[in-house]
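Structure data (TSV, C-alpha atoms) from final-v2.tsv:
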chain	number	residue	atom	x	y	z
A	11	MET	CA	-29.90	27.99	35.06
A	12	SER	CA	-29.83	24.66	33.25
A	13	GLN	CA	-29.48	26.46	29.92
A	14	ARG	CA	-26.42	28.34	31.22
A	15	ILE	CA	-24.83	25.09	32.39
A	16	GLU	CA	-25.54	23.45	29.04
A	17	SER	CA	-24.01	26.42	27.22
A	18	VAL	CA	-20.88	26.26	29.39
A	19	VAL	CA	-20.54	22.50	28.80
A	20	LYS	CA	-20.84	22.95	25.02
A	21	GLY	CA	-18.22	25.67	25.14
A	22	LEU	CA	-15.82	23.44	27.07
A	23	VAL	CA	-16.36	20.60	24.58
A	24	LEU	CA	-15.54	22.91	21.65
A	25	VAL	CA	-12.42	24.15	23.42
A	26	LEU	CA	-11.34	20.57	24.15
A	27	LEU	CA	-11.86	19.51	20.52
A	28	ALA	CA	-9.92	22.51	19.30
A	29	PHE	CA	-7.11	21.67	21.73
A	30	MET	CA	-6.99	18.06	20.50
A	31	VAL	CA	-6.79	19.16	16.86
A	32	ALA	CA	-4.08	21.69	17.68
A	33	GLN	CA	-2.14	18.92	19.42
A	34	THR	CA	-2.29	16.46	16.56
A	35	VAL	CA	-2.61	18.06	13.13
A	36	SER	CA	0.77	18.99	11.66
A	37	ASP	CA	2.61	19.04	8.36
A	38	CYS	CA	4.55	15.95	7.36
A	39	ASN	CA	8.34	16.01	7.62
A	40	VAL	CA	8.28	19.29	9.58
A	41	CYS	CA	9.80	19.69	13.05
A	42	GLN	CA	7.08	19.90	15.71
A	43	SER	CA	7.03	21.29	19.24
A	44	ASN	CA	8.18	17.91	20.60
A	45	GLN	CA	11.31	18.09	18.40
A	46	VAL	CA	10.39	15.30	15.99
A	47	ALA	CA	9.19	15.38	12.39
A	48	CYS	CA	6.55	12.75	11.63
A	49	ILE	CA	6.91	11.52	8.05
A	50	ASN	CA	3.84	9.29	8.15
A	51	SER	CA	1.45	7.97	10.79
A	52	THR	CA	4.06	5.80	12.53
A	53	SER	CA	7.60	6.97	11.63
A	54	PHE	CA	9.63	10.07	12.44
A	55	TYR	CA	13.00	11.85	12.36
A	56	LEU	CA	14.56	13.71	15.31
A	57	CYS	CA	15.11	17.49	15.11
A	58	PHE	CA	17.43	18.27	18.09
A	59	GLY	CA	16.07	21.82	18.42
A	60	ASP	CA	17.50	23.20	15.17
A	61	GLY	CA	14.26	23.05	13.19
A	62	THR	CA	15.66	20.55	10.70
A	63	PRO	CA	14.75	16.83	10.53
A	64	HIS	CA	17.93	14.75	10.85
A	65	ARG	CA	17.48	12.06	8.22
A	66	ASP	CA	20.44	9.88	9.12
A	67	GLN	CA	18.22	7.75	11.39
A	68	LEU	CA	14.54	6.87	10.98
A	69	TYR	CA	12.55	5.89	14.06
A	70	HIS	CA	9.30	3.89	14.25
A	71	CYS	CA	6.48	3.82	16.78
A	72	LEU	CA	5.47	0.46	18.20
A	73	GLU	CA	2.55	-1.35	16.58
A	74	GLY	CA	-0.73	0.22	17.66
A	75	PHE	CA	0.82	3.66	18.26
A	76	ASP	CA	0.73	6.85	16.14
A	77	CYS	CA	3.33	9.56	15.70
A	78	THR	CA	2.00	12.83	17.18
A	79	ASN	CA	3.28	16.25	18.29
A	80	LEU	CA	2.67	15.35	21.93
A	81	THR	CA	5.55	15.05	24.39
A	82	ALA	CA	5.38	11.25	24.36
A	83	ILE	CA	5.75	11.31	20.53
A	84	CYS	CA	4.15	7.87	20.02
A	85	VAL	CA	0.63	7.69	21.45
A	86	GLN	CA	-1.83	4.81	21.29
A	87	LYS	CA	-4.11	4.97	18.26
A	88	SER	CA	-7.43	6.71	18.83
A	89	SER	CA	-10.33	7.61	16.54
A	90	GLN	CA	-10.61	10.95	18.37
A	91	ARG	CA	-6.93	11.77	17.90
A	92	PRO	CA	-5.54	11.30	14.37
A	93	PRO	CA	-1.76	11.00	13.81
A	94	SER	CA	0.22	14.12	12.98
A	95	CYS	CA	0.46	13.19	9.32
A	96	GLY	CA	-0.22	10.40	6.89
A	97	ASP	CA	-2.37	7.27	6.96
A	98	THR	CA	-0.37	4.08	6.46
A	99	SER	CA	-3.02	1.58	7.58
A	100	GLN	CA	-3.68	0.43	3.99
A	101	CYS	CA	-0.08	0.42	2.77
A	102	GLY	CA	0.77	-2.93	1.17
A	103	GLN	CA	-2.76	-4.24	1.76
A	104	CYS	CA	-4.27	-6.14	-1.18
A	105	ASN	CA	-7.70	-5.98	0.41
A	106	ALA	CA	-7.68	-2.19	0.06
A	107	ASN	CA	-8.65	-2.83	-3.56
A	108	ARG	CA	-12.03	-4.56	-3.88
A	109	ASN	CA	-10.70	-6.93	-6.57
A	110	TYR	CA	-7.42	-7.68	-4.74
A	111	LEU	CA	-5.68	-6.52	-7.93
A	112	PHE	CA	-2.86	-4.40	-6.48
A	113	ALA	CA	-1.56	-2.80	-3.29
A	114	CYS	CA	-0.27	0.74	-2.86
A	115	GLN	CA	3.15	0.76	-1.17
A	116	SER	CA	3.43	4.57	-1.06
A	117	ARG	CA	1.97	7.62	-2.77
A	118	GLY	CA	3.40	6.58	-6.10
A	119	ILE	CA	4.64	2.97	-5.81
A	120	PHE	CA	2.52	-0.18	-6.06
A	121	GLN	CA	2.78	-3.96	-6.44
A	122	MET	CA	0.35	-6.38	-8.05
A	123	CYS	CA	-1.70	-8.87	-5.99
A	124	TYR	CA	-3.67	-10.78	-8.67
A	125	GLY	CA	-6.27	-11.89	-6.14
A	126	ALA	CA	-3.79	-12.90	-3.45
A	127	THR	CA	-3.68	-11.48	0.06
A	128	ARG	CA	-0.10	-10.22	-0.27
A	129	PRO	CA	1.52	-8.20	-3.10
A	130	THR	CA	4.40	-9.77	-4.98
A	131	GLY	CA	6.77	-9.20	-7.90
A	132	LYS	CA	8.23	-6.10	-9.48
A	133	PHE	CA	7.36	-2.64	-8.16
A	134	GLY	CA	5.34	-0.30	-10.37
A	135	TYR	CA	5.70	3.48	-10.39
A	136	CYS	CA	2.90	5.94	-11.05
A	137	PRO	CA	3.65	8.62	-13.69
A	138	THR	CA	4.45	12.16	-12.51
A	139	GLY	CA	1.34	13.98	-11.37
A	140	THR	CA	-0.52	10.84	-10.36
A	141	VAL	CA	-0.84	8.82	-7.14
A	142	CYS	CA	-1.73	5.24	-6.28
A	143	ASP	CA	-5.43	4.86	-5.45
A	144	ALA	CA	-6.74	1.47	-4.28
A	145	SER	CA	-10.35	2.57	-4.81
A	146	SER	CA	-9.72	2.79	-8.56
A	147	THR	CA	-9.12	0.03	-11.10
A	148	SER	CA	-6.73	2.38	-12.92
A	149	ILE	CA	-4.15	2.02	-10.12
A	150	CYS	CA	-2.79	5.55	-10.65
A	151	VAL	CA	-5.12	8.56	-10.68
A	152	PRO	CA	-4.45	12.30	-11.15
A	153	GLU	CA	-3.18	13.96	-7.99
A	154	VAL	CA	-5.47	16.71	-6.68
A	155	ALA	CA	-5.34	18.89	-3.59
A	156	GLY	CA	-7.06	17.50	-0.51
A	157	GLN	CA	-7.60	13.98	-1.88
A	158	THR	CA	-7.52	10.97	0.46
A	159	LEU	CA	-4.44	8.87	-0.22
A	160	THR	CA	-4.52	5.08	0.10
A	161	CYS	CA	-0.94	4.95	1.38
A	162	ASP	CA	0.27	8.34	2.56
A	163	ILE	CA	4.00	7.73	2.67
A	164	ASN	CA	6.85	9.21	0.63
A	165	ASP	CA	8.16	7.03	-2.20
A	166	GLU	CA	11.76	7.25	-0.99
A	167	LEU	CA	10.82	5.44	2.22
A	168	VAL	CA	9.78	2.27	0.37
A	169	ASP	CA	12.39	-0.47	0.30
A	170	THR	CA	12.38	-1.53	-3.35
A	171	THR	CA	15.57	-3.59	-2.98
A	172	THR	CA	13.59	-6.82	-2.62
A	173	ALA	CA	12.65	-6.86	-6.31
A	174	ALA	CA	14.60	-6.23	-9.50
A	175	SER	CA	14.59	-2.60	-10.57
A	176	VAL	CA	14.23	-1.44	-14.14
A	177	THR	CA	17.13	0.63	-15.43
A	178	THR	CA	17.06	3.23	-18.17
A	179	ASP	CA	18.48	0.80	-20.73
A	180	GLY	CA	15.67	-1.70	-20.10
A	181	THR	CA	17.81	-4.23	-18.22
A	182	THR	CA	17.26	-5.28	-14.63
A	183	GLU	CA	19.68	-5.20	-11.76
A	184	SER	CA	19.44	-5.92	-8.06
A	185	THR	CA	20.24	-3.50	-5.25
A	186	THR	CA	21.63	-4.03	-1.79
A	187	GLU	CA	19.90	-3.12	1.44
A	188	SER	CA	21.52	-1.05	4.18
A	189	SER	CA	21.91	-2.60	7.60
A	190	THR	CA	19.68	-1.71	10.54
A	191	VAL	CA	20.58	-1.26	14.19
A	192	GLY	CA	17.99	-1.90	16.92
A	193	SER	CA	14.71	-0.12	16.21
A	194	THR	CA	16.30	2.37	13.77
A	195	GLU	CA	17.33	2.09	10.20
A	196	SER	CA	19.60	4.11	7.96
A	197	SER	CA	17.87	6.33	5.42
A	198	THR	CA	21.04	6.43	3.33
A	199	GLY	CA	23.59	3.86	2.30
A	200	SER	CA	21.53	1.68	-0.02
A	201	THR	CA	22.72	1.33	-3.59
A	202	VAL	CA	20.76	3.70	-5.81
A	203	THR	CA	19.78	2.76	-9.34
A	204	THR	CA	18.05	4.82	-11.98
A	205	GLU	CA	14.54	3.53	-12.41
A	206	THR	CA	12.18	4.19	-15.27
A	207	PRO	CA	8.72	5.13	-13.94
A	208	THR	CA	6.34	2.64	-15.54
A	209	THR	CA	2.74	1.72	-14.93
A	210	VAL	CA	2.11	-2.02	-14.96
A	211	ILE	CA	-1.40	-2.74	-16.23
A	212	PRO	CA	-2.37	-6.44	-16.08
A	213	PRO	CA	-4.12	-7.93	-19.13
A	214	THR	CA	-7.90	-8.22	-19.16
A	215	ALA	CA	-9.64	-11.59	-19.18
A	216	ALA	CA	-10.27	-11.23	-22.91
A	217	GLN	CA	-6.58	-10.52	-23.55
A	218	MET	CA	-5.57	-13.57	-21.48
A	219	CYS	CA	-7.98	-15.80	-23.42
A	220	ALA	CA	-6.67	-14.44	-26.70
A	221	ARG	CA	-3.17	-15.57	-25.70
A	222	ILE	CA	-4.39	-18.97	-24.50
A	223	ASN	CA	-6.68	-19.47	-27.54
A	224	ALA	CA	-8.57	-22.40	-26.00
A	225	THR	CA	-11.80	-23.12	-24.12
A	226	GLY	CA	-11.56	-23.98	-20.42
A	227	LEU	CA	-10.22	-22.73	-17.10
A	228	PHE	CA	-6.61	-21.55	-16.99
A	229	PRO	CA	-4.22	-19.79	-14.56
A	230	SER	CA	-4.32	-16.01	-14.84
A	231	ILE	CA	-1.59	-14.17	-16.72
A	232	PRO	CA	0.89	-13.30	-15.32
A	233	ALA	CA	0.97	-16.36	-13.07
A	234	ASP	CA	-0.32	-15.84	-9.55
A	235	PRO	CA	2.19	-17.40	-7.10
A	236	TYR	CA	-0.63	-17.84	-4.59
A	237	CYS	CA	-2.73	-19.80	-7.13
A	238	GLN	CA	-5.85	-17.79	-6.30
A	239	ARG	CA	-6.76	-16.33	-9.68
A	240	TYR	CA	-7.89	-18.11	-12.83
A	241	VAL	CA	-9.55	-17.17	-16.11
A	242	SER	CA	-12.50	-18.80	-17.87
A	243	CYS	CA	-12.43	-18.81	-21.69
A	244	TYR	CA	-15.10	-19.97	-24.13
A	245	PHE	CA	-14.41	-20.11	-27.86
A	246	LYS	CA	-16.81	-21.07	-30.66
A	247	ASN	CA	-15.56	-21.46	-34.23
A	248	ASN	CA	-12.25	-19.91	-33.10
A	249	VAL	CA	-14.07	-16.78	-31.90
A	250	LEU	CA	-13.94	-15.75	-28.24
A	251	ILE	CA	-17.53	-15.72	-26.97
A	252	ASN	CA	-17.03	-15.24	-23.25
A	253	SER	CA	-14.16	-14.49	-20.87
A	254	ALA	CA	-14.00	-13.78	-17.13
A	255	GLU	CA	-11.46	-13.86	-14.32
A	256	TYR	CA	-12.29	-15.44	-10.95
A	257	ASN	CA	-10.93	-16.04	-7.44
A	258	CYS	CA	-10.80	-19.47	-5.83
A	259	PRO	CA	-12.70	-19.70	-2.52
A	260	THR	CA	-10.83	-19.04	0.71
A	261	ASP	CA	-8.23	-21.70	1.62
A	262	SER	CA	-8.28	-23.27	-1.84
A	263	TRP	CA	-5.87	-23.21	-4.80
A	264	PHE	CA	-6.36	-23.38	-8.56
A	265	VAL	CA	-4.77	-26.39	-10.27
A	266	ALA	CA	-4.36	-26.15	-14.04
A	267	GLN	CA	-4.20	-29.91	-14.58
A	268	THR	CA	-7.72	-30.43	-13.22
A	269	GLN	CA	-8.98	-26.95	-14.14
A	270	SER	CA	-10.46	-26.58	-10.67
A	271	CYS	CA	-9.94	-25.13	-7.20
A	272	VAL	CA	-8.75	-27.71	-4.68
A	273	TYR	CA	-8.53	-27.57	-0.90
A	274	VAL	CA	-5.12	-29.20	-0.66
A	275	ASN	CA	-2.13	-27.06	-1.56
A	276	PRO	CA	-0.46	-28.71	-4.57
A	277	GLY	CA	2.93	-27.77	-3.15
A	278	TYR	CA	4.01	-25.03	-5.54
A	279	CYS	CA	1.58	-22.34	-4.30
A	280	LEU	CA	2.56	-19.79	-1.67
Conversion result in structure tokens:
Amino acid sequence: MSQRIESVVKGLVLVLLAFMVAQTVSDCNVCQSNQVACINSTSFYLCFGDGTPHRDQLYHCLEGFDCTNLTAICVQKSSQRPPSCGDTSQCGQCNANRNYLFACQSRGIFQMCYGATRPTGKFGYCPTGTVCDASSTSICVPEVAGQTLTCDINDELVDTTTAASVTTDGTTESTTESSTVGSTESSTGSTVTTETPTTVIPPTAAQMCARINATGLFPSIPADPYCQRYVSCYFKNNVLINSAEYNCPTDSWFVAQTQSCVYVNPGYCL
């Protein structure tokens, strides 16, 4: 008798798990049974029953909620119930990379961190056929089926108007941002510029020391606005013997004048 009860319970658990998966796993940017199309773990378009995502307005779930194919659309995050599509928890997070070198802003867009907690500066674009991967020091890795993406969001959803874009003639120009109303934002209306996909690879410690050509501790190249990163160079008879890049301890800043990390912000560090 007890074995029959145990068998029935196991069967109910399997049915429940199958039901939960059926209720949550969907394709991205595809209209679901609740008439929305989730484009990542927290954002969605409305479908209005015609099977087509209406991209004139983009909606966002509140913080702590995921976009699902349930009637409520946005449901509180749960480890037993993944979002309909996409994982955006590591988007823009410098700590996703163990060296705090860069942060993935989408599948193919990234920004450098240089040891800071927040990315800054010009946006970088992965070459065609590659994606941003925070677990790699190469930044962009070949795209393969079924791989886990650091920031599973479409490139076109990233607002790159906050930094200068690179045009096809090598010059830079700024873009304007479209206005937002309430909790929605327009997916069209921003000025579009032609951008050259480029991969920004920061110099190694040895390359930095070669430029500096002196022994001592110096700010990393390019300059870290958060003053967290610095490089150690040791030359003997004009030959580079040792080079290494370091992070200042938490709540401290590197000061070039004293060649040390200090616990009082010198005033020019973010």
Leaving out region 253-258 of chain A and any residue of its chain fewer than 4 positions from it, which residues lie within 12 Å of it when counting only C-alpha atoms, given as a VMD selection string?
chain A and resid 109 to 111 123 to 127 212 to 220 222 to 231 234 236 to 245 249 262 to 265 269 to 273
Shortest contact to Arg65 (chain A), candidates A:Ala144, A:Ile149, A:Cys77, A:Leu167, atoms counted all atoms listed in the file, goes to A:Leu167
Using only C-alpha atoms, which residue out of A:Ala155, A:Val46, A:Ala233, A:Cys41 lies closest to Thr130 (chain A)?
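Of A:Ala155, A:Val46, A:Ala233, A:Cys41, the one nearest Thr130 (chain A), counting only C-alpha atoms, is A:Ala233.
Remark: for Phe75 (chain A), the closest of the candidate residues A:Gly134, A:Pro92, A:Pro276, A:Pro232 is A:Pro92 (distances computed over all atoms listed in the file).
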Which of these residues is nearest to Glu153 (chain A), using only C-alpha atoms: A:Cys136, A:Cys101, A:Ala106, A:Cys84?
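Among A:Cys136, A:Cys101, A:Ala106, A:Cys84, it is A:Cys136 that comes nearest to Glu153 (chain A).
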Might I get the box with edges along x, y and z of the file that holds all atoms of region 149-161 of chain A listed there, padded by 5 Å on every side, given as centre and edge lengths in Å to one decimal, as JSON?
{"center_x": -4.3, "center_y": 10.5, "center_z": -4.9, "size_x": 16.7, "size_y": 26.9, "size_z": 22.5}
Contacts of Phe58 (chain A) at 8 Å or less, counting all atoms listed in the file, minus same-chain residues fewer than 2 places along, as a ChimeraX atom specification?
/A:45-46,56,60-62
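Counting from CA of Gly277 (chain A), the distance to CA of Cys104 (chain A) is 22.9 Å.
One distance worth recording is that between CA of Ser146 (chain A) and CA of Glu73 (chain A), which is 28.3 Å.
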Residue nearest Cys48 (chain A) among A:Asn164, A:Thr138, A:Gln90, A:Thr171 (counting only C-alpha atoms):
A:Asn164
Report the distance between CA of Tyr55 (chain A) and CA of Phe112 (chain A) in Å, rounded to one decimal place.
29.5 Å
Pick from A:Val168, A:Leu72, A:Gly131, A:Ser94: nearest to Ser43 (chain A), with only C-alpha atoms counted?
A:Ser94
